[in-house]
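The file coords_1.pdb contains PDB, C-alpha atoms:
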ATOM      1  CA  MET P   1      15.397  16.506  23.324
ATOM      2  CA  ALA P   2      18.703  17.169  25.099
ATOM      3  CA  ILE P   3      20.737  17.316  21.917
ATOM      4  CA  VAL P   4      20.282  20.646  20.150
ATOM      5  CA  VAL P   5      21.213  21.011  16.486
ATOM      6  CA  ASN P   6      22.810  24.357  15.682
ATOM      7  CA  LEU P   7      22.988  23.856  11.946
ATOM      8  CA  ASP P   8      21.053  27.053  11.215
ATOM      9  CA  VAL P   9      23.516  29.050  13.353
ATOM     10  CA  MET P  10      26.475  27.606  11.476
ATOM     11  CA  LEU P  11      24.788  28.220   8.146
ATOM     12  CA  ALA P  12      24.201  31.853   9.098
ATOM     13  CA  LYS P  13      27.826  32.234  10.225
ATOM     14  CA  ARG P  14      29.076  30.822   6.920
ATOM     15  CA  LYS P  15      26.415  32.774   4.991
ATOM     16  CA  MET P  16      25.406  29.592   3.276
ATOM     17  CA  LYS P  17      21.966  28.529   2.087
ATOM     18  CA  LEU P  18      20.536  25.115   2.919
ATOM     19  CA  LYS P  19      20.344  24.256  -0.768
ATOM     20  CA  GLU P  20      24.027  25.081  -1.209
ATOM     21  CA  LEU P  21      24.939  22.842   1.721
ATOM     22  CA  SER P  22      22.706  20.115   0.331
ATOM     23  CA  GLU P  23      24.594  20.183  -2.973
ATOM     24  CA  LYS P  24      27.983  20.116  -1.221
ATOM     25  CA  VAL P  25      27.086  17.339   1.230
ATOM     26  CA  GLY P  26      24.934  15.216  -1.068
ATOM     27  CA  VAL P  27      22.017  15.083   1.367
ATOM     28  CA  SER P  28      18.595  16.291   0.253
ATOM     29  CA  THR P  29      17.297  19.659   1.484
ATOM     30  CA  VAL P  30      14.341  17.839   3.064
ATOM     31  CA  ASN P  31      16.692  15.714   5.172
ATOM     32  CA  LEU P  32      18.792  18.760   6.126
ATOM     33  CA  SER P  33      15.628  20.654   7.105
ATOM     34  CA  ILE P  34      14.586  17.770   9.349
ATOM     35  CA  LEU P  35      18.100  17.677  10.818
ATOM     36  CA  LYS P  36      18.004  21.461  11.374
ATOM     37  CA  GLN P  37      14.814  21.021  13.379
ATOM     38  CA  GLY P  38      16.444  18.261  15.423
ATOM     39  CA  LYS P  39      13.802  15.728  14.366
ATOM     40  CA  VAL P  40      16.069  13.063  12.900
ATOM     41  CA  LYS P  41      16.418   9.703  14.651
ATOM     42  CA  ALA P  42      20.184   9.491  14.119
ATOM     43  CA  ILE P  43      23.000  10.998  12.114
ATOM     44  CA  ARG P  44      25.685   8.953  10.367
ATOM     45  CA  PHE P  45      29.343   9.770  10.976
ATOM     46  CA  SER P  46      29.783  10.060   7.205
ATOM     47  CA  THR P  47      27.044  12.722   7.012
ATOM     48  CA  LEU P  48      28.467  14.598  10.009
ATOM     49  CA  ASN P  49      31.901  14.417   8.429
ATOM     50  CA  SER P  50      30.601  15.877   5.147
ATOM     51  CA  ILE P  51      28.715  18.684   6.930
ATOM     52  CA  CYS P  52      31.772  19.611   9.005
ATOM     53  CA  LEU P  53      33.891  19.597   5.861
ATOM     54  CA  ALA P  54      31.442  21.798   3.960
ATOM     55  CA  LEU P  55      30.945  24.262   6.845
ATOM     56  CA  ASP P  56      34.580  24.106   7.998
ATOM     57  CA  CYS P  57      33.599  23.463  11.595
ATOM     58  CA  GLN P  58      33.698  20.882  14.384
ATOM     59  CA  PRO P  59      30.884  18.424  15.251
ATOM     60  CA  GLY P  60      30.481  20.328  18.519
ATOM     61  CA  ASP P  61      29.605  23.449  16.561
ATOM     62  CA  ILE P  62      26.602  21.661  15.093
ATOM     63  CA  LEU P  63      25.527  19.425  17.958
ATOM     64  CA  GLU P  64      25.186  20.658  21.510
ATOM     65  CA  PHE P  65      24.036  18.906  24.677
ATOM     66  CA  VAL P  66      21.639  20.984  26.789
ATOM     67  CA  GLU P  67      20.374  19.773  30.159
TER      68      GLU P  67
ATOM     69  CA  MET F  68     -25.497 -45.698 -22.912
ATOM     70  CA  VAL F  69     -23.131 -42.888 -21.960
ATOM     71  CA  SER F  70     -22.009 -40.910 -24.980
ATOM     72  CA  TYR F  71     -18.485 -39.711 -25.679
ATOM     73  CA  LYS F  72     -19.690 -36.067 -25.393
ATOM     74  CA  ASN F  73     -21.084 -36.661 -21.890
ATOM     75  CA  ILE F  74     -17.913 -38.413 -20.673
ATOM     76  CA  ASN F  75     -15.888 -35.511 -22.014
ATOM     77  CA  LYS F  76     -18.128 -32.973 -20.231
ATOM     78  CA  LEU F  77     -17.933 -35.018 -17.019
ATOM     79  CA  THR F  78     -14.105 -35.079 -17.191
ATOM     80  CA  ILE F  79     -14.012 -31.319 -17.675
ATOM     81  CA  ASN F  80     -16.356 -30.824 -14.711
ATOM     82  CA  ILE F  81     -14.305 -33.119 -12.438
ATOM     83  CA  ASN F  82     -11.087 -31.355 -13.421
ATOM     84  CA  LEU F  83     -12.695 -27.963 -12.838
ATOM     85  CA  TYR F  84     -13.986 -29.045  -9.418
ATOM     86  CA  LEU F  85     -10.652 -30.585  -8.389
ATOM     87  CA  PHE F  86      -8.909 -27.333  -9.307
ATOM     88  CA  TYR F  87     -11.400 -25.234  -7.321
ATOM     89  CA  ILE F  88     -11.391 -27.558  -4.314
ATOM     90  CA  ILE F  89      -7.564 -27.408  -4.119
ATOM     91  CA  PHE F  90      -7.649 -23.649  -4.667
ATOM     92  CA  THR F  91     -10.308 -23.198  -1.953
ATOM     93  CA  ILE F  92      -8.357 -25.349   0.537
ATOM     94  CA  ILE F  93      -5.200 -23.275  -0.083
ATOM     95  CA  PHE F  94      -7.295 -20.084   0.227
ATOM     96  CA  VAL F  95      -8.799 -21.174   3.558
ATOM     97  CA  LEU F  96      -5.470 -22.350   4.971
ATOM     98  CA  ASN F  97      -3.728 -19.166   3.892
ATOM     99  CA  SER F  98      -6.404 -16.818   5.173
ATOM    100  CA  LYS F  99      -5.117 -17.337   8.753
ATOM    101  CA  ILE F 100      -8.623 -16.886  10.137
ATOM    102  CA  ASP F 101      -9.611 -18.294  13.478
ATOM    103  CA  TYR F 102     -12.922 -19.817  12.346
ATOM    104  CA  MET F 103     -13.849 -20.798  15.910
ATOM    105  CA  LYS F 104     -14.128 -17.126  16.912
ATOM    106  CA  TYR F 105     -17.394 -16.781  14.932
ATOM    107  CA  ILE F 106     -19.126 -18.789  17.633
ATOM    108  CA  THR F 107     -18.618 -15.934  20.089
ATOM    109  CA  HIS F 108     -17.807 -12.891  17.918
ATOM    110  CA  LYS F 109     -19.600 -11.035  15.162
ATOM    111  CA  PRO F 110     -17.849 -11.340  11.779
ATOM    112  CA  THR F 111     -16.082  -8.238  10.495
ATOM    113  CA  LEU F 112     -16.436  -6.732   7.015
ATOM    114  CA  ARG F 113     -13.170  -8.446   6.063
ATOM    115  CA  ASP F 114     -14.573 -11.827   7.092
ATOM    116  CA  ILE F 115     -17.755 -11.241   5.085
ATOM    117  CA  ARG F 116     -15.633 -10.354   2.068
ATOM    118  CA  ILE F 117     -13.706 -13.618   2.381
ATOM    119  CA  TRP F 118     -16.977 -15.555   2.706
ATOM    120  CA  ILE F 119     -18.271 -13.905  -0.483
ATOM    121  CA  ALA F 120     -15.038 -14.859  -2.247
ATOM    122  CA  LEU F 121     -15.371 -18.446  -1.052
ATOM    123  CA  SER F 122     -19.012 -18.608  -2.122
ATOM    124  CA  VAL F 123     -18.149 -17.281  -5.579
ATOM    125  CA  LEU F 124     -15.330 -19.817  -5.842
ATOM    126  CA  ILE F 125     -17.726 -22.650  -5.073
ATOM    127  CA  ILE F 126     -20.908 -21.473  -6.829
ATOM    128  CA  PHE F 127     -19.389 -20.048 -10.034
ATOM    129  CA  PRO F 128     -17.803 -23.291 -11.346
ATOM    130  CA  PHE F 129     -20.903 -25.214 -10.224
ATOM    131  CA  LEU F 130     -23.117 -22.957 -12.359
ATOM    132  CA  ILE F 131     -20.763 -23.130 -15.314
ATOM    133  CA  GLY F 132     -20.402 -26.891 -15.091
ATOM    134  CA  ASN F 133     -24.057 -27.775 -14.637
ATOM    135  CA  TYR F 134     -26.315 -25.139 -16.109
ATOM    136  CA  LEU F 135     -24.426 -23.098 -18.677
ATOM    137  CA  GLU F 136     -23.285 -24.099 -22.109
ATOM    138  CA  PRO F 137     -19.881 -22.727 -23.234
ATOM    139  CA  ASN F 138     -21.567 -20.311 -25.663
ATOM    140  CA  SER F 139     -24.360 -19.285 -23.276
ATOM    141  CA  PRO F 140     -25.144 -15.534 -23.382
ATOM    142  CA  ILE F 141     -25.218 -15.395 -19.550
ATOM    143  CA  LEU F 142     -21.675 -16.780 -19.404
ATOM    144  CA  ILE F 143     -20.454 -14.374 -22.081
ATOM    145  CA  VAL F 144     -22.078 -11.386 -20.315
ATOM    146  CA  THR F 145     -20.591 -12.494 -16.971
ATOM    147  CA  ILE F 146     -17.117 -12.778 -18.468
ATOM    148  CA  PHE F 147     -17.522  -9.379 -20.149
ATOM    149  CA  LEU F 148     -18.620  -7.860 -16.831
ATOM    150  CA  ILE F 149     -15.589  -9.291 -14.996
ATOM    151  CA  VAL F 150     -13.167  -8.157 -17.714
ATOM    152  CA  GLY F 151     -14.954  -4.782 -17.936
ATOM    153  CA  PHE F 152     -14.709  -4.282 -14.201
ATOM    154  CA  PHE F 153     -10.991  -5.051 -14.337
ATOM    155  CA  ILE F 154     -10.391  -2.609 -17.211
ATOM    156  CA  PHE F 155     -12.491   0.053 -15.437
ATOM    157  CA  ASN F 156     -10.364  -0.305 -12.295
ATOM    158  CA  LEU F 157      -7.207  -0.277 -14.381
ATOM    159  CA  ILE F 158      -8.172   3.012 -16.044
ATOM    160  CA  ILE F 159      -9.269   4.888 -12.924
ATOM    161  CA  ARG F 160      -6.500   3.635 -10.628
ATOM    162  CA  LYS F 161      -4.052   6.366 -11.646
ATOM    163  CA  SER F 162      -6.091   9.269 -10.335
ATOM    164  CA  LEU F 163      -6.537  10.693  -6.863
ATOM    165  CA  SER F 164     -10.110  11.626  -7.816
ATOM    166  CA  PHE F 165     -11.165   7.999  -7.314
ATOM    167  CA  THR F 166      -9.634   7.663  -3.845
ATOM    168  CA  ASN F 167     -13.045   7.204  -2.227
ATOM    169  CA  TYR F 168     -13.998   4.441  -4.644
ATOM    170  CA  PHE F 169     -10.941   2.354  -3.827
ATOM    171  CA  THR F 170     -10.714   3.130  -0.110
ATOM    172  CA  SER F 171     -14.402   2.937   0.794
ATOM    173  CA  LYS F 172     -15.206   0.224   3.307
ATOM    174  CA  TYR F 173     -18.315  -0.554   1.248
ATOM    175  CA  ASN F 174     -16.233  -1.522  -1.781
ATOM    176  CA  LEU F 175     -16.202  -5.228  -1.040
ATOM    177  CA  LEU F 176     -14.376  -6.116  -4.215
ATOM    178  CA  THR F 177     -11.027  -4.717  -3.120
ATOM    179  CA  SER F 178      -8.994  -5.686  -0.091
ATOM    180  CA  LYS F 179      -7.813  -2.767   2.034
ATOM    181  CA  ILE F 180      -5.157  -2.300   4.696
ATOM    182  CA  ARG F 181      -5.198   0.869   6.795
ATOM    183  CA  SER F 182      -2.463   2.259   8.974
ATOM    184  CA  GLU F 183      -1.579   5.503  10.746
ATOM    185  CA  LYS F 184       1.770   6.994  11.600
ATOM    186  CA  THR F 185       2.519  10.103  13.637
ATOM    187  CA  PHE F 186       5.660  12.261  13.405
ATOM    188  CA  ASP F 187       6.545  15.514  15.153
ATOM    189  CA  ILE F 188       7.627  17.016  11.846
ATOM    190  CA  SER F 189       5.652  19.643   9.940
ATOM    191  CA  LYS F 190       3.119  18.469   7.347
ATOM    192  CA  GLU F 191       4.893  20.267   4.475
ATOM    193  CA  LEU F 192       8.261  18.715   5.307
ATOM    194  CA  MET F 193       6.798  15.264   5.871
ATOM    195  CA  PHE F 194       4.993  15.473   2.522
ATOM    196  CA  GLU F 195       8.294  16.095   0.717
ATOM    197  CA  LYS F 196       9.992  13.413   2.791
ATOM    198  CA  ILE F 197       7.447  10.738   1.876
ATOM    199  CA  ILE F 198       7.771  11.607  -1.821
ATOM    200  CA  GLU F 199      11.521  11.015  -1.476
ATOM    201  CA  VAL F 200      10.989   7.687   0.300
ATOM    202  CA  ILE F 201       8.428   6.474  -2.254
ATOM    203  CA  LYS F 202      10.819   7.270  -5.111
ATOM    204  CA  ASP F 203      13.399   4.955  -3.506
ATOM    205  CA  SER F 204      10.887   2.195  -2.762
ATOM    206  CA  LYS F 205       9.132  -0.453  -4.855
ATOM    207  CA  PHE F 206       6.130   1.887  -5.139
ATOM    208  CA  LYS F 207       5.779   4.242  -8.081
ATOM    209  CA  LEU F 208       4.580   7.764  -7.329
ATOM    210  CA  ILE F 209       1.620   8.588  -9.565
ATOM    211  CA  GLU F 210       0.113  11.782  -8.172
ATOM    212  CA  ALA F 211       1.010  14.266  -5.478
ATOM    213  CA  ASP F 212      -1.573  16.903  -4.555
ATOM    214  CA  LYS F 213       0.273  19.629  -2.646
ATOM    215  CA  ASP F 214      -2.893  21.600  -1.948
ATOM    216  CA  ARG F 215      -4.815  18.751  -0.338
ATOM    217  CA  PHE F 216      -1.704  16.958   0.957
ATOM    218  CA  GLU F 217      -2.554  13.658  -0.683
ATOM    219  CA  LEU F 218      -0.348  11.130  -2.406
ATOM    220  CA  LEU F 219      -1.062   8.206  -4.690
ATOM    221  CA  ALA F 220       1.515   5.509  -5.308
ATOM    222  CA  ILE F 221       1.062   2.158  -7.005
ATOM    223  CA  THR F 222       2.822  -1.143  -7.436
ATOM    224  CA  PRO F 223       2.677  -2.376 -11.009
ATOM    225  CA  ILE F 224       0.853  -5.507 -12.139
ATOM    226  CA  SER F 225       3.143  -8.527 -12.351
ATOM    227  CA  PHE F 226       2.909 -12.313 -12.657
ATOM    228  CA  THR F 227       2.607 -12.597  -8.890
ATOM    229  CA  SER F 228       0.441  -9.555  -8.161
ATOM    230  CA  TRP F 229      -2.586  -7.726  -9.509
ATOM    231  CA  GLY F 230      -1.014  -4.506  -8.251
ATOM    232  CA  GLU F 231      -2.088  -2.214  -5.453
ATOM    233  CA  ASN F 232      -2.901   1.434  -4.873
ATOM    234  CA  LEU F 233      -1.473   3.257  -1.888
ATOM    235  CA  TYR F 234      -3.234   6.429  -0.761
ATOM    236  CA  ILE F 235      -1.525   8.655   1.799
ATOM    237  CA  SER F 236      -3.138  11.664   3.417
ATOM    238  CA  PHE F 237      -1.580  14.132   5.859
ATOM    239  CA  GLU F 238      -3.264  15.824   8.806
ATOM    240  CA  THR F 239      -1.945  18.202  11.431
ATOM    241  CA  ARG F 240      -2.828  17.742  15.098
ATOM    242  CA  GLY F 241      -0.991  20.207  17.331
ATOM    243  CA  ASN F 242       2.705  19.979  16.499
ATOM    244  CA  GLU F 243       2.336  16.533  15.018
ATOM    245  CA  THR F 244       1.609  15.268  11.542
ATOM    246  CA  ILE F 245      -0.633  12.252  11.212
ATOM    247  CA  MET F 246      -0.183  10.257   8.052
ATOM    248  CA  LYS F 247      -3.020   7.959   7.072
ATOM    249  CA  PHE F 248      -2.131   5.103   4.768
ATOM    250  CA  CYS F 249      -4.668   3.039   2.866
ATOM    251  CA  SER F 250      -3.425   0.290   0.638
ATOM    252  CA  SER F 251      -6.073  -1.096  -1.694
ATOM    253  CA  THR F 252      -5.836  -3.965  -4.126
ATOM    254  CA  LEU F 253      -6.752  -3.216  -7.704
ATOM    255  CA  PHE F 254      -8.818  -6.285  -8.466
ATOM    256  CA  GLN F 255      -8.652  -8.702  -5.605
ATOM    257  CA  ILE F 256     -10.960  -9.557  -2.740
ATOM    258  CA  TYR F 257      -8.142 -11.025  -0.687
ATOM    259  CA  SER F 258      -4.521  -9.871  -0.897
ATOM    260  CA  TRP F 259      -2.822 -12.950   0.597
ATOM    261  CA  GLY F 260      -0.862 -10.729   2.970
ATOM    262  CA  LYS F 261       1.068  -9.022   0.188
ATOM    263  CA  ASN F 262      -0.490  -5.602   0.842
ATOM    264  CA  GLU F 263       0.404  -5.791   4.526
ATOM    265  CA  LYS F 264       3.990  -6.719   3.668
ATOM    266  CA  ASN F 265       4.438  -3.919   1.129
ATOM    267  CA  LEU F 266       2.948  -1.343   3.507
ATOM    268  CA  THR F 267       5.047  -2.569   6.448
ATOM    269  CA  ASP F 268       8.167  -2.386   4.256
ATOM    270  CA  LEU F 269       7.319   1.197   3.287
ATOM    271  CA  LEU F 270       6.677   2.202   6.915
ATOM    272  CA  ASN F 271      10.056   0.709   7.857
ATOM    273  CA  GLU F 272      11.685   2.621   5.016
ATOM    274  CA  ILE F 273      10.120   5.856   6.315
ATOM    275  CA  GLU F 274      11.482   5.135   9.811
ATOM    276  CA  ASN F 275      14.939   4.288   8.427
ATOM    277  CA  SER F 276      14.988   7.426   6.279
ATOM    278  CA  LEU F 277      15.012   9.504   9.460
ATOM    279  CA  THR F 278      18.593   8.382   9.951
ATOM    280  CA  ILE F 279      20.543  10.681   7.679
TER     281      ILE F 279
END
Now, as a test, write the supplied structure out as structure tokens.
Amino acid sequence: MAIVVNLDVMLAKRKMKLKELSEKVGVSTVNLSILKQGKVKAIRFSTLNSICLALDCQPGDILEFVE
Amino acid sequence: MVSYKNINKLTININLYLFYIIFTIIFVLNSKIDYMKYITHKPTLRDIRIWIALSVLIIFPFLIGNYLEPNSPILIVTIFLIVGFFIFNLIIRKSLSFTNYFTSKYNLLTSKIRSEKTFDISKELMFEKIIEVIKDSKFKLIEADKDRFELLAITPISFTSWGENLYISFETRGNETIMKFCSSTLFQIYSWGKNEKNLTDLLNEIENSLTI
């Protein structure tokens, strides 16, 4: 897949656990794990918004296009 | 001279037959089977099961109406066997130990729908994911075996359904997880398409749940 998800990098930078993010965002840890692996079919703007808010980052910090 | 008792018995028999004839016609029309194909193709196990159901529908009322008295021991034993079989299925349905009994292709007394789905997500993660999806669906999660990666979910008995058991197993092939679904009716030779619909709905819910 050309879109790479850098959620684990951002989590490491913020020293945050997946469970902590899950509680802040309101998305289950299972769904975040699948997102972290880049296996989701799509991501809602509302979810992206909540993740960016919780991690204090930009969407580009989480999603990256690699050729 | 025809007695009052005989006329009464005849009326009951006619009513019983009318009911079964209408029921059988609806059954045949709803079964969506291309009956002409049997001229060229061998019948499948599913077809044989439907034929057995049809035969029972025709023969059973005929036997009751013509040969058995209402208090006949054979009739009482038959009714006890049917009720006993139902209760037996009802008791064992909530256990993964009886998966083989319900899902076996040789169990001709339950209708089964099988389906497979492949995802490039790890087995452990997919197992948790499916539990989440089932909890939000019309199915009720009964048992989850984390060691054998097997799930059992059911739909309850209602006025419109005898209920069904859904067995899900997980297998790993390379980087992919193969999920095998088997939906079995509890006490029904033919499911009238309800099993297929419920399973298709669940598969759609699984697909949709991958949008977070």
Next on the checklist: I need the contact residues of chain F against chain P, so if you could list those with any atom within 10 Å, counting only C-alpha atoms, and return them as a ChimeraX atom specification, that would help.
Outcome noted: /F:186-189,191-197,199,274-279
Now that the selection is made, can you save its residues with C-alpha atoms as a PDB file, in the frame of the given file?
ATOM      1  CA  PHE F 186       5.660  12.261  13.405  1.00  0.00           C
ATOM      2  CA  ASP F 187       6.545  15.514  15.153  1.00  0.00           C
ATOM      3  CA  ILE F 188       7.627  17.016  11.846  1.00  0.00           C
ATOM      4  CA  SER F 189       5.652  19.643   9.940  1.00  0.00           C
ATOM      5  CA  GLU F 191       4.893  20.267   4.475  1.00  0.00           C
ATOM      6  CA  LEU F 192       8.261  18.715   5.307  1.00  0.00           C
ATOM      7  CA  MET F 193       6.798  15.264   5.871  1.00  0.00           C
ATOM      8  CA  PHE F 194       4.993  15.473   2.522  1.00  0.00           C
ATOM      9  CA  GLU F 195       8.294  16.095   0.717  1.00  0.00           C
ATOM     10  CA  LYS F 196       9.992  13.413   2.791  1.00  0.00           C
ATOM     11  CA  ILE F 197       7.447  10.738   1.876  1.00  0.00           C
ATOM     12  CA  GLU F 199      11.521  11.015  -1.476  1.00  0.00           C
ATOM     13  CA  GLU F 274      11.482   5.135   9.811  1.00  0.00           C
ATOM     14  CA  ASN F 275      14.939   4.288   8.427  1.00  0.00           C
ATOM     15  CA  SER F 276      14.988   7.426   6.279  1.00  0.00           C
ATOM     16  CA  LEU F 277      15.012   9.504   9.460  1.00  0.00           C
ATOM     17  CA  THR F 278      18.593   8.382   9.951  1.00  0.00           C
ATOM     18  CA  ILE F 279      20.543  10.681   7.679  1.00  0.00           C
TER      19      ILE F 279
END
Next on the checklist: I'd like the contact shell of range 226-235 of chain F - 9 Å cut-off, only C-alpha atoms, skipping same-chain residues fewer than 2 positions apart - returned as a PyMOL selection string.
Outcome noted: chain F and resi 160-161+163+166+169-170+206+216-224+237+246-255+258+261-262+266
Go through the shown structure with the PyMOL selection byres ((chain P and resi 67) around 12) and write out the matching residues as a PDB file with C-alpha atoms, in the coordinates of the input.
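Saved result, selection_5.pdb, follows:
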ATOM      1  CA  MET P   1      15.397  16.506  23.324  1.00  0.00           C
ATOM      2  CA  ALA P   2      18.703  17.169  25.099  1.00  0.00           C
ATOM      3  CA  ILE P   3      20.737  17.316  21.917  1.00  0.00           C
ATOM      4  CA  VAL P   4      20.282  20.646  20.150  1.00  0.00           C
ATOM      5  CA  GLU P  64      25.186  20.658  21.510  1.00  0.00           C
ATOM      6  CA  PHE P  65      24.036  18.906  24.677  1.00  0.00           C
ATOM      7  CA  VAL P  66      21.639  20.984  26.789  1.00  0.00           C
TER       8      VAL P  66
END
Checklist entry - Hey, what's within 9 Å of range 20-24 of chain P if we count only C-alpha atoms and toss same-chain stuff fewer than 6 positions away? As a PyMOL selection string, please? => result chain P and resi 11+31-32+50-51+54-55
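With CA of Ile209 in chain F on one side and CA of Ser164 in chain F on the other, the separation reads 12.2 Å.
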Item to check | Residues within 12 Å of (-4.3, 22.5, 10.9), file coords, all atoms listed in the file, listed as a PyMOL selection string | outcome: chain F and resi 189-191+215-216+237-245
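Relative to CA of Glu263 in chain F, CA of Ile126 in chain F is found at 28.8 Å.
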Checklist entry - Quick one: distance from CA of Ile117 in chain F to CA of Lys205 in chain F in Å, one decimal? => result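 Value for the CA of Ile117 in chain F-CA of Lys205 in chain F distance: 27.3 Å.
Nearest to Val5 in chain P of all the residues P:Pro59, P:Lys36, P:Asn49, P:Gly26 is P:Lys36, counting only C-alpha atoms.
Distance annotation: of F:Ser225, F:Phe153, F:Asp212, F:Lys184, the residue with the minimal separation from Leu269 in chain F is F:Lys184; atom set is only C-alpha atoms.
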Next on the checklist: Residues proximal to (32.9, 27.9, 11.7) were defined as those with any atom within 10 Å of that point in the file's coordinates, counting all atoms listed in the file. Which are they, as a VMD selection string?
Outcome noted: chain P and resid 9 to 14 52 54 to 58 61 to 62
Can I get range 31-42 of chain P with N, CA and C atoms filled in, as a tab-separated table (two decimals), in the coordinates of the input?
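The resulting part16.tsv:
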chain	number	residue	atom	x	y	z
P	31	ASN	N	16.00	16.36	4.05
P	31	ASN	CA	16.69	15.71	5.17
P	31	ASN	C	17.45	16.74	6.03
P	32	LEU	N	18.06	17.73	5.36
P	32	LEU	CA	18.79	18.76	6.13
P	32	LEU	C	17.82	19.62	6.94
P	33	SER	N	16.65	19.88	6.37
P	33	SER	CA	15.63	20.65	7.10
P	33	SER	C	15.19	19.90	8.36
P	34	ILE	N	15.00	18.59	8.20
P	34	ILE	CA	14.59	17.77	9.35
P	34	ILE	C	15.71	17.74	10.39
P	35	LEU	N	16.95	17.67	9.90
P	35	LEU	CA	18.10	17.68	10.82
P	35	LEU	C	18.17	19.01	11.55
P	36	LYS	N	17.95	20.11	10.81
P	36	LYS	CA	18.00	21.46	11.37
P	36	LYS	C	16.99	21.62	12.50
P	37	GLN	N	15.86	20.95	12.34
P	37	GLN	CA	14.81	21.02	13.38
P	37	GLN	C	15.06	20.04	14.52
P	38	GLY	N	16.11	19.25	14.38
P	38	GLY	CA	16.44	18.26	15.42
P	38	GLY	C	15.46	17.11	15.49
P	39	LYS	N	14.83	16.78	14.36
P	39	LYS	CA	13.80	15.73	14.37
P	39	LYS	C	14.30	14.40	13.81
P	40	VAL	N	15.58	14.33	13.44
P	40	VAL	CA	16.07	13.06	12.90
P	40	VAL	C	16.28	12.05	14.02
P	41	LYS	N	16.23	10.76	13.65
P	41	LYS	CA	16.42	9.70	14.65
P	41	LYS	C	17.89	9.54	14.97
P	42	ALA	N	18.73	9.67	13.95
P	42	ALA	CA	20.18	9.49	14.12
P	42	ALA	C	20.90	10.18	12.97
